[in-house]
$ cat my_file-v5.txt   # compact mmCIF, C-alpha atoms
# COMPACT_ATOMS: atom_id res chain seq x y z
CA MET A 1 -112.41 -96.15 62.52
CA ASN A 2 -109.55 -96.50 64.88
CA LYS A 3 -109.30 -99.80 66.64
CA SER A 4 -108.08 -99.90 70.17
CA PRO A 5 -105.44 -102.49 71.19
CA GLU A 6 -108.11 -104.26 73.12
CA SER A 7 -110.12 -104.76 69.92
CA ARG A 8 -107.22 -106.68 68.31
CA GLU A 9 -106.37 -108.83 71.32
CA PRO A 10 -108.33 -111.99 70.38
CA GLU A 11 -106.57 -112.21 66.97
CA ASN A 12 -103.12 -111.85 68.57
CA ARG A 13 -103.92 -114.48 71.11
CA ASP A 14 -104.89 -116.97 68.34
CA SER A 15 -101.67 -116.46 66.42
CA ASP A 16 -99.59 -116.86 69.60
CA ASP A 17 -101.25 -120.14 70.32
CA ARG A 18 -100.58 -121.40 66.81
CA GLY A 19 -96.88 -120.44 67.04
CA ARG A 20 -96.47 -122.09 70.44
CA LYS A 21 -98.00 -125.33 69.21
CA GLY A 22 -95.77 -125.40 66.08
CA SER A 23 -92.67 -124.80 68.17
CA GLU A 24 -93.59 -127.60 70.54
CA ARG A 25 -93.95 -129.94 67.59
CA THR A 26 -90.51 -128.96 66.22
CA ASP A 27 -88.84 -129.47 69.58
CA ALA A 28 -90.36 -132.91 69.90
CA ARG A 29 -89.14 -133.89 66.46
CA PHE A 30 -85.63 -132.55 67.17
CA ALA A 31 -85.47 -134.50 70.42
CA ALA A 32 -86.57 -137.65 68.60
CA ASP A 33 -83.87 -137.16 65.94
CA LEU A 34 -81.23 -136.60 68.62
CA ALA A 35 -82.28 -139.76 70.45
CA SER A 36 -82.16 -141.84 67.27
CA GLU A 37 -78.68 -140.41 66.47
CA ALA A 38 -77.45 -141.35 69.93
CA SER A 39 -78.87 -144.84 69.67
CA LEU A 40 -77.24 -145.18 66.26
CA GLU A 41 -73.83 -144.24 67.72
CA ARG A 42 -74.22 -146.70 70.57
CA SER A 43 -75.57 -149.47 68.38
CA ARG A 44 -73.20 -152.34 67.58
CA THR A 45 -75.45 -153.71 64.88
CA ARG A 46 -75.93 -152.21 61.45
CA PRO A 47 -79.41 -150.66 61.14
CA ASP A 48 -81.77 -151.82 58.43
CA ASP A 49 -82.61 -148.36 57.13
CA PRO A 50 -80.22 -147.67 54.20
CA GLU A 51 -79.63 -144.02 55.17
CA LEU A 52 -78.97 -144.86 58.78
CA ALA A 53 -76.81 -147.76 57.66
CA ALA A 54 -74.65 -145.38 55.56
CA ASP A 55 -74.23 -143.11 58.55
CA TRP A 56 -73.33 -146.06 60.75
CA ASP A 57 -70.72 -147.26 58.20
CA LEU A 58 -69.10 -143.78 58.06
CA MET A 59 -68.88 -143.57 61.84
CA GLN A 60 -67.27 -147.00 62.07
CA GLU A 61 -64.76 -146.09 59.39
CA LEU A 62 -63.81 -142.82 61.12
CA ARG A 63 -63.36 -144.64 64.42
CA GLY A 64 -60.89 -146.98 62.78
CA LEU A 65 -58.62 -144.18 61.55
CA GLY A 66 -55.48 -143.40 63.60
CA PRO A 67 -53.99 -139.89 64.11
CA MET A 68 -52.48 -138.32 60.99
CA ARG A 69 -48.72 -137.82 60.83
CA LEU A 70 -47.20 -134.49 59.59
CA PRO A 71 -44.91 -134.60 56.56
CA ALA A 72 -41.24 -134.75 57.61
CA ALA A 73 -40.38 -131.24 56.37
CA ALA A 74 -43.34 -129.65 58.12
CA ARG A 75 -42.56 -131.55 61.30
CA ALA A 76 -38.92 -130.38 61.26
CA ARG A 77 -40.04 -126.81 60.76
CA VAL A 78 -42.48 -126.94 63.65
CA VAL A 79 -39.76 -128.35 65.92
CA GLN A 80 -37.32 -125.64 64.82
CA VAL A 81 -39.82 -122.86 65.49
CA ALA A 82 -40.55 -124.32 68.91
CA ARG A 83 -36.85 -124.40 69.76
CA SER A 84 -36.25 -120.85 68.56
CA HIS A 85 -39.15 -119.64 70.69
CA ARG A 86 -37.55 -121.33 73.64
CA ARG A 87 -34.30 -119.32 73.04
CA ALA A 88 -36.01 -115.95 72.59
CA PRO A 89 -35.14 -114.63 76.09
CA TRP A 90 -31.44 -115.03 75.33
CA PHE A 91 -31.72 -112.94 72.24
CA LEU A 92 -33.82 -110.34 74.01
CA ALA A 93 -31.11 -110.11 76.66
CA ALA A 94 -28.43 -109.76 73.99
CA ALA A 95 -30.41 -107.03 72.23
CA ALA A 96 -30.95 -105.19 75.51
CA ALA A 97 -27.22 -105.42 76.25
CA MET A 98 -26.44 -104.06 72.81
CA VAL A 99 -28.80 -101.10 73.24
CA ALA A 100 -27.41 -100.43 76.72
CA ALA A 101 -23.84 -100.51 75.40
CA PHE A 102 -24.74 -98.08 72.63
CA VAL A 103 -26.46 -95.68 75.02
CA ILE A 104 -23.55 -95.78 77.47
CA ALA A 105 -21.07 -95.14 74.69
CA VAL A 106 -23.07 -92.22 73.29
CA VAL A 107 -23.56 -90.63 76.71
CA TRP A 108 -19.91 -91.15 77.47
CA GLN A 109 -18.95 -89.36 74.29
CA ALA A 110 -21.68 -86.69 74.54
CA PRO A 111 -20.43 -83.29 73.39
CA GLY A 112 -21.94 -81.55 76.42
CA GLY A 113 -18.84 -81.94 78.55
CA ARG A 114 -15.72 -79.96 77.79
CA PRO A 115 -12.83 -82.04 76.52
CA ALA A 116 -9.68 -82.31 78.52
CA PRO A 117 -7.59 -79.16 78.01
CA ALA A 118 -4.79 -79.64 75.53
CA GLU A 119 -1.20 -78.73 76.27
CA VAL A 120 -0.67 -75.18 75.01
CA SER A 121 2.63 -73.98 73.59
CA GLY A 122 3.88 -70.46 73.05
CA GLN A 123 3.47 -70.97 69.33
CA ALA A 124 -0.19 -71.92 69.80
CA LEU A 125 -0.73 -68.78 71.87
CA GLY A 126 0.83 -66.78 69.03
CA GLU A 127 -1.60 -68.36 66.61
CA LEU A 128 -4.46 -67.53 68.96
CA ARG A 129 -3.37 -63.91 69.09
CA LEU A 130 -3.10 -63.76 65.30
CA ALA A 131 -6.56 -65.32 64.98
CA LEU A 132 -8.13 -62.86 67.42
CA ASN A 133 -6.42 -59.92 65.70
CA THR A 134 -7.67 -61.10 62.32
CA ILE A 135 -11.22 -61.54 63.62
CA GLN A 136 -11.16 -58.11 65.18
CA ASP A 137 -9.71 -56.50 62.07
CA ALA A 138 -12.20 -58.19 59.74
CA GLY A 139 -15.07 -57.24 62.04
CA ARG A 140 -14.00 -53.64 62.37
CA ARG A 141 -13.41 -53.26 58.64
CA SER A 142 -16.89 -54.65 58.02
CA LEU A 143 -18.43 -52.22 60.47
CA ASP A 144 -16.43 -49.38 58.93
CA MET A 145 -17.71 -50.22 55.46
CA ALA A 146 -21.27 -50.50 56.72
CA ALA A 147 -20.93 -47.15 58.45
CA ARG A 148 -19.48 -45.54 55.33
CA GLY A 149 -22.52 -46.66 53.40
CA MET A 150 -24.81 -45.11 55.98
CA THR A 151 -22.98 -41.77 56.30
CA GLY A 152 -25.34 -38.85 55.72
CA LYS A 153 -28.37 -41.10 55.68
CA LEU A 154 -28.66 -42.13 59.31
CA THR A 155 -27.72 -40.89 62.72
CA VAL A 156 -26.35 -43.00 65.51
CA ALA A 157 -29.72 -42.76 67.21
CA ASP A 158 -31.37 -44.28 64.10
CA LEU A 159 -29.32 -47.43 64.57
CA GLY A 160 -30.96 -48.25 67.88
CA LEU A 161 -27.65 -49.30 69.34
CA ASP A 162 -28.94 -48.82 72.86
CA THR A 163 -31.01 -51.98 72.50
CA LEU A 164 -27.93 -54.07 71.77
CA PRO A 165 -26.19 -55.81 74.65
CA PHE A 166 -22.77 -54.72 73.37
CA ALA A 167 -23.73 -51.17 72.38
CA ASP A 168 -20.88 -49.66 74.39
CA ARG A 169 -18.43 -51.61 72.25
CA VAL A 170 -19.95 -50.80 68.88
CA ARG A 171 -20.80 -47.13 69.42
CA PRO A 172 -17.20 -45.80 69.59
CA VAL A 173 -16.47 -47.50 66.26
CA LEU A 174 -19.51 -46.08 64.49
CA GLN A 175 -19.57 -42.68 66.15
CA PRO A 176 -16.95 -40.92 63.98
CA PHE A 177 -18.81 -41.73 60.78
CA PHE A 178 -21.92 -39.95 61.99
CA GLU A 179 -20.24 -36.91 63.51
CA PRO A 180 -18.11 -35.16 60.82
CA SER A 181 -16.87 -32.60 63.30
CA ARG A 182 -15.04 -35.35 65.19
CA GLY A 183 -13.60 -36.96 62.07
CA GLY A 184 -15.20 -38.72 59.11
CA PRO A 185 -14.70 -42.17 57.77
CA ASN A 186 -11.59 -41.17 55.87
CA GLU A 187 -10.09 -39.40 58.82
CA PRO A 188 -10.70 -41.46 61.91
CA SER A 189 -9.35 -39.69 64.95
CA PRO A 190 -6.91 -41.58 67.15
CA GLU A 191 -9.11 -41.31 70.20
CA ASN A 192 -11.97 -43.00 68.38
CA HIS A 193 -9.81 -45.84 67.12
CA PRO A 194 -7.52 -46.43 70.04
CA GLN A 195 -6.61 -49.97 69.09
CA ASP A 196 -6.02 -49.96 65.36
CA ILE A 197 -4.25 -53.15 64.46
CA GLU A 198 -2.49 -53.86 61.21
CA PHE A 199 -4.31 -56.33 59.00
CA ALA A 200 -3.05 -59.82 59.68
CA THR A 201 -0.61 -60.42 56.88
CA GLU A 202 2.07 -62.22 58.80
CA GLU A 203 2.86 -65.76 57.92
CA LYS A 204 1.31 -68.53 59.90
CA PRO A 205 3.77 -69.15 62.74
CA ARG A 206 3.73 -72.92 62.33
CA MET B 207 -23.99 -120.50 71.35
CA LYS B 208 -23.11 -119.33 67.88
CA ARG B 209 -25.94 -116.81 67.91
CA THR B 210 -24.92 -115.57 71.34
CA LEU B 211 -21.44 -114.90 69.98
CA ILE B 212 -22.94 -113.03 67.05
CA ALA B 213 -24.99 -110.89 69.45
CA PHE B 214 -21.89 -110.23 71.55
CA SER B 215 -19.98 -109.14 68.46
CA PHE B 216 -22.86 -106.77 67.66
CA CYS B 217 -22.40 -105.23 71.12
CA LEU B 218 -18.70 -104.67 70.48
CA THR B 219 -19.46 -103.16 67.07
CA ALA B 220 -21.98 -100.80 68.64
CA LEU B 221 -19.44 -99.73 71.25
CA ALA B 222 -16.87 -99.07 68.55
CA ALA B 223 -19.29 -97.21 66.29
CA ALA B 224 -20.92 -95.02 68.95
CA PRO B 225 -18.03 -92.58 69.43
CA GLY B 226 -17.80 -92.15 65.68
CA ALA B 227 -21.50 -91.42 65.48
CA ALA B 228 -21.19 -88.90 68.29
CA ALA B 229 -18.18 -87.28 66.67
CA GLN B 230 -20.06 -86.84 63.41
CA GLU B 231 -22.84 -84.96 65.17
CA PRO B 232 -22.87 -81.46 63.65
CA VAL B 233 -22.04 -78.74 66.18
CA ILE B 234 -24.36 -75.74 66.09
CA GLY B 235 -22.38 -72.71 65.02
CA GLN B 236 -19.57 -74.63 63.35
CA VAL B 237 -19.24 -74.04 59.61
CA ASP B 238 -17.11 -75.97 57.17
CA LEU B 239 -15.03 -73.33 55.38
CA GLN B 240 -13.13 -75.88 53.32
CA ALA B 241 -15.35 -75.35 50.27
CA LEU B 242 -14.27 -71.70 50.17
CA THR B 243 -10.57 -72.45 50.04
CA ALA B 244 -10.55 -74.69 46.98
CA PRO B 245 -11.26 -71.98 44.35
CA LEU B 246 -8.49 -69.83 45.84
CA GLY B 247 -5.82 -72.44 45.48
CA ASN B 248 -5.91 -74.14 48.86
CA LYS B 249 -2.82 -72.22 49.97
CA PRO B 250 -3.96 -69.64 52.51
CA LYS B 251 -1.49 -67.18 53.99
CA VAL B 252 -3.01 -67.76 57.40
CA ASN B 253 -4.85 -70.92 58.31
CA ILE B 254 -5.71 -71.35 61.98
CA ASN B 255 -8.03 -74.05 63.26
CA PHE B 256 -8.55 -74.55 66.98
CA GLY B 257 -11.00 -77.10 68.38
CA PRO B 258 -12.55 -77.53 71.82
CA ALA B 259 -9.48 -79.14 73.42
CA MET B 260 -7.17 -76.32 72.36
CA MET B 261 -9.64 -73.63 73.43
CA ALA B 262 -9.99 -75.31 76.81
CA GLY B 263 -6.19 -75.42 76.98
CA PHE B 264 -5.97 -71.69 76.26
CA ALA B 265 -8.57 -70.96 78.92
CA GLU B 266 -6.71 -72.97 81.53
CA THR B 267 -3.38 -71.43 80.54
CA VAL B 268 -4.54 -67.85 81.09
CA ARG B 269 -6.85 -68.54 84.05
CA ALA B 270 -4.26 -67.86 86.74
CA GLN B 271 -3.26 -64.54 85.20
CA ASN B 272 -6.68 -63.33 84.06
CA PRO B 273 -9.84 -65.25 85.04
CA GLU B 274 -12.07 -62.99 82.92
CA ALA B 275 -10.08 -63.70 79.76
CA ALA B 276 -10.22 -67.39 80.69
CA GLU B 277 -14.01 -67.18 80.82
CA VAL B 278 -14.10 -65.55 77.39
CA LEU B 279 -11.83 -68.21 75.91
CA GLY B 280 -13.74 -70.94 77.73
CA SER B 281 -16.97 -69.83 76.09
CA ILE B 282 -15.43 -70.40 72.65
CA SER B 283 -15.48 -74.05 71.59
CA GLY B 284 -13.53 -73.52 68.41
CA LEU B 285 -12.40 -71.00 65.85
CA ARG B 286 -11.25 -71.13 62.28
CA VAL B 287 -9.48 -68.27 60.51
CA VAL B 288 -8.40 -68.46 56.88
CA VAL B 289 -6.70 -65.55 55.09
CA PHE B 290 -5.78 -65.44 51.42
CA GLU B 291 -3.77 -62.67 49.81
CA ASP B 292 -3.20 -61.76 46.17
CA VAL B 293 -5.98 -63.98 44.88
CA ASP B 294 -8.90 -63.44 42.54
CA THR B 295 -11.63 -63.08 45.15
CA ALA B 296 -14.33 -63.07 42.47
CA ALA B 297 -13.57 -66.73 41.82
CA VAL B 298 -14.95 -67.72 45.20
CA GLU B 299 -18.30 -65.90 44.87
CA PRO B 300 -20.29 -68.98 43.79
CA GLN B 301 -19.02 -70.91 46.82
CA VAL B 302 -19.74 -67.93 49.09
CA ALA B 303 -23.29 -67.79 47.73
CA GLU B 304 -23.66 -71.50 48.41
CA VAL B 305 -22.38 -71.20 51.98
CA THR B 306 -24.49 -68.12 52.81
CA GLY B 307 -27.55 -69.83 51.34
CA ARG B 308 -26.93 -72.88 53.52
CA LEU B 309 -26.45 -70.71 56.61
CA ALA B 310 -29.73 -68.90 55.94
CA ARG B 311 -31.52 -72.23 55.56
CA ASP B 312 -29.95 -73.50 58.80
CA GLY B 313 -31.38 -70.63 60.83
CA TRP B 314 -28.41 -68.23 60.85
CA THR B 315 -29.18 -64.51 60.90
CA PRO B 316 -27.51 -62.27 58.31
CA ALA B 317 -26.23 -59.64 60.74
CA LEU B 318 -24.29 -57.59 58.21
CA GLU B 319 -24.03 -57.51 54.44
CA VAL B 320 -21.86 -55.00 52.62
CA ARG B 321 -21.59 -54.75 48.85
CA ASP B 322 -18.98 -52.07 48.30
CA ALA B 323 -16.82 -51.28 45.28
CA ASP B 324 -13.84 -52.23 47.39
CA ALA B 325 -15.16 -55.23 49.23
CA LYS B 326 -17.99 -57.62 49.90
CA VAL B 327 -18.77 -58.66 53.45
CA ASP B 328 -21.21 -61.19 54.86
CA MET B 329 -21.53 -61.60 58.61
CA PHE B 330 -23.85 -64.27 60.02
CA LEU B 331 -24.82 -65.06 63.61
CA ILE B 332 -26.71 -67.97 65.06
CA GLU B 333 -28.20 -67.65 68.53
CA SER B 334 -29.78 -70.00 71.02
CA GLY B 335 -31.41 -68.49 74.07
CA GLN B 336 -29.14 -65.83 75.49
CA PHE B 337 -26.01 -67.19 73.83
CA VAL B 338 -24.49 -66.70 70.43
CA LYS B 339 -23.67 -70.17 69.16
CA GLY B 340 -21.76 -69.11 66.09
CA LEU B 341 -20.25 -66.20 64.18
CA THR B 342 -19.21 -66.38 60.54
CA VAL B 343 -17.53 -63.53 58.69
CA LEU B 344 -16.74 -63.73 54.99
CA VAL B 345 -14.73 -60.78 53.61
CA ARG B 346 -13.68 -60.53 49.96
CA GLU B 347 -11.69 -57.45 49.05
CA ALA B 348 -11.20 -56.25 45.51
CA GLY B 349 -7.51 -55.86 46.29
CA GLY B 350 -7.14 -59.62 46.38
CA THR B 351 -7.54 -60.38 50.08
CA ALA B 352 -10.11 -62.83 51.37
CA VAL B 353 -10.78 -63.48 55.06
CA PHE B 354 -13.04 -66.28 56.25
CA VAL B 355 -13.78 -66.58 59.96
CA ASN B 356 -15.91 -68.99 61.97
CA VAL B 357 -16.15 -68.87 65.77
CA PHE B 358 -18.48 -71.20 67.65
CA GLY B 359 -19.35 -72.03 71.24
CA ASN B 360 -21.61 -70.60 73.92
CA MET B 361 -20.69 -66.94 73.73
CA GLU B 362 -22.39 -64.04 75.37
CA PRO B 363 -23.22 -61.22 72.95
CA ALA B 364 -20.75 -59.00 74.79
CA VAL B 365 -17.98 -61.41 73.80
CA ILE B 366 -18.93 -61.02 70.15
CA GLY B 367 -18.83 -57.25 70.58
CA LYS B 368 -15.38 -57.48 72.08
CA LEU B 369 -14.19 -59.85 69.37
CA ILE B 370 -15.28 -57.88 66.34
CA ALA B 371 -15.60 -54.29 67.46
CA GLN B 372 -13.12 -53.37 70.13
CA GLY B 373 -10.58 -56.17 70.16
CA GLN B 374 -10.83 -56.37 73.92
CA ALA B 375 -11.71 -60.03 74.13
CA LEU B 376 -8.60 -60.65 76.20
CA GLU B 377 -8.42 -57.23 77.80
CA GLY B 378 -5.80 -56.98 80.52
CA LEU B 379 -4.11 -60.22 79.52
CA ASP B 380 -0.38 -60.15 78.86
CA LEU B 381 -0.52 -62.69 76.07
CA GLY B 382 2.97 -61.78 74.93
CA GLY B 383 4.36 -62.45 78.38
CA LEU B 384 2.61 -65.80 78.50
CA MET B 385 3.98 -66.67 75.08
CA LYS B 386 7.51 -65.91 76.30
CA GLN B 387 6.99 -68.19 79.27
CA LEU B 388 5.74 -71.05 77.13
CA GLN B 389 8.09 -70.55 74.18
CA PRO B 390 11.16 -72.79 73.95
CA PRO B 391 14.40 -70.76 74.34
CA SER B 392 15.29 -70.92 70.63
CA GLY B 393 12.01 -69.40 69.47
CA ALA B 394 11.57 -66.89 72.28
CA GLU B 395 12.51 -63.86 70.14
CA ALA B 396 9.96 -64.64 67.45
CA ALA B 397 7.05 -64.68 69.82
CA GLY B 398 6.98 -60.94 70.39
CA ASP B 399 5.72 -59.22 73.45
CA ASP B 400 2.65 -57.32 72.31
CA GLU B 401 -0.43 -57.33 74.40
CA SER B 402 -3.65 -58.37 72.78
$ encode --input "my_file-v5.txt" --output "C-alpha cells"
Amino acid sequence: MNKSPESREPENRDSDDRGRKGSERTDARFAADLASEASLERSRTRPDDPELAADWDLMQELRGLGPMRLPAAARARVVQVARSHRRAPWFLAAAAAMVAAFVIAVVWQAPGGRPAPAEVSGQALGELRLALNTIQDAGRRSLDMAARGMTGKLTVADLGLDTLPFADRVRPVLQPFFEPSRGGPNEPSPENHPQDIEFATEEKPR
Amino acid sequence: MKRTLIAFSFCLTALAAAPGAAAQEPVIGQVDLQALTAPLGNKPKVNINFGPAMMAGFAETVRAQNPEAAEVLGSISGLRVVVFEDVDTAAVEPQVAEVTGRLARDGWTPALEVRDADAKVDMFLIESGQFVKGLTVLVREAGGTAVFVNVFGNMEPAVIGKLIAQGQALEGLDLGGLMKQLQPPSGAEAAGDDES
C-alpha cells in the first residue's frame, strides 16, 4: 500500500524536466524581447511594425522634453526652507544659551542657601520675644487642655512619652494632671509650671 | 539678525523671570494664614511675620552671646504669629476647616486636636527625615481670643518641644539685655529687660 520515495522517483524526474524546459523557453523569449527593445532604442529609423513604431514615437517625444520648472511659489518656498535649515545651528545655540541662562538663574536663586542676615533692631528682638512667648503659651495651653481631657482616663505611662525625642520637655507639663496628689489641672503647683507666662496680649511693638 | 535679537531677548526674559519662579516655589512647612484673618476683621492685636533673612539676622545677633540659642534660631526659616482678641471665633471655623483639610492633604500630621467647651485647638506637624519642617497651631477660645501660629524651617524635634512645652527655646539668652543694646536711646525703656 505504502509507496516508498524510490517508487515515486521516475514521476518526479519527469516533471522536473518539463519545468526546466519551460523555463529555458521563457528565458530565451525574454532575452529576445530585451534585445529587440534595445535595438529599438538605438534605431534612428522608425520601425515598420505599428506597435513598435508607437513605442519609438513615444521615446523620441520624451527625449525632446526639457526639465520641468517648479511654479514660482513652490520654488520660493523650497529656497526659504533651505535657507532656514542653513541657519538652524544659530537658533540651537540661542536656545542652548537661553536654557543655560535659566538654569544659572534658578540655581543662583535656589532656596537651599540661607539668605544674607538682615539687620536686627531692638524692636525686632522684642517682636521675636513676643512671638516665642505666644507660641509657647498657645502650645502649653493646648497641652493643658489635652491633658485635662485625659485626666482619670490615662496615666503618664499610657502616653508613651518615653518614645518621644522631647519627652523630658513634655513630661513636666503633663505630670500634674495625672498625679492629683501633686496638684490637678485646676491647681498647678509652682514647681511644675516654673515658667508660666502671661498670655500675649500686649500690643504689637511696631 | 532679527531672529538672533529675538532669541537674545528671550534669554534676558528668562533671566528676569527665573528669580520670580524660584521665589514662588512653595516652602515645605510654610502655611498661608491670611485666609484665617479675613473673617476676624483683618485687624489682629498681634501680627508678627519673620522670614528667612530676619531669622538669620536674629541667629547672628545672638551667636556671640549664646551659640546654642543661635543654632535654634538658625534652624527656623520663618515664623508667623497672629493674635486676635474680642472676636467671634466661631466665624472663622469654616476657614479653619479649609486650612486643616489642606494641611492633611499636603501630608501634615494632626499632632493634637482639642474640642473643649472653652476652646478648640488644632496642632499640625510636617516632618522630613529627622527634621520637623513645619508647625502650625490654631487656637480658638470661646472667650473671643484666636491664636494662629506657623513656624517653618529645619527644626529638630527637641526645638519644637522647647518652643511649645517649656519655653526654653532661647534658654540662657539675655534677650532683654540684647534688646537694650540694640534699642535706640529714646525707646530703651519700652524694651524691657525680661529674659526669655
$ closest_residue --input "my_file-v5.txt" --among "B:Val252, B:Ile332, B:Met361, B:Ala325" --to "chain A" --atoms "only C-alpha atoms"
B:Val252
$ closest_residue --input "my_file-v5.txt" --among "A:Met98, A:Ala124, A:Leu58, A:Gly160" --to "chain B" --atoms "only C-alpha atoms"
A:Met98
$ atom_distance --input "my_file-v5.txt" --atom1 "CA of Gly235 in chain B" --atom2 "CA of Lys368 in chain B"
18.2 Å
$ atom_distance --input "my_file-v5.txt" --atom1 "CA of Lys339 in chain B" --atom2 "CA of Leu143 in chain A"
20.6 Å
$ atom_distance --input "my_file-v5.txt" --atom1 "CA of Gly247 in chain B" --atom2 "CA of Thr306 in chain B"
20.5 Å
$ residues_around --input "my_file-v5.txt" --residues "Asp292 in chain B" --least-positions-apart "2" --cutoff "10 Å" --atoms "all atoms listed in the file" --output "list in words"
Leu246, Lys251, Phe290, Asp294, Thr295, Glu347, Ala348, Gly349, Gly350, Thr351 and Ala352 of chain B
$ closest_residue --input "my_file-v5.txt" --among "B:Asp322, B:Lys249, B:Gln236, B:Gly284" --to "Phe264 in chain B" --atoms "only C-alpha atoms"
B:Gly284
$ closest_residue --input "my_file-v5.txt" --among "B:Val345, B:Val298, B:Ala244, B:Val305" --to "chain A" --atoms "only C-alpha atoms"
B:Val345
$ closest_residue --input "my_file-v5.txt" --among "B:Ile254, B:Val302, B:Ser334, B:Ala296" --to "Ile135 in chain A" --atoms "all atoms listed in the file"
B:Ile254
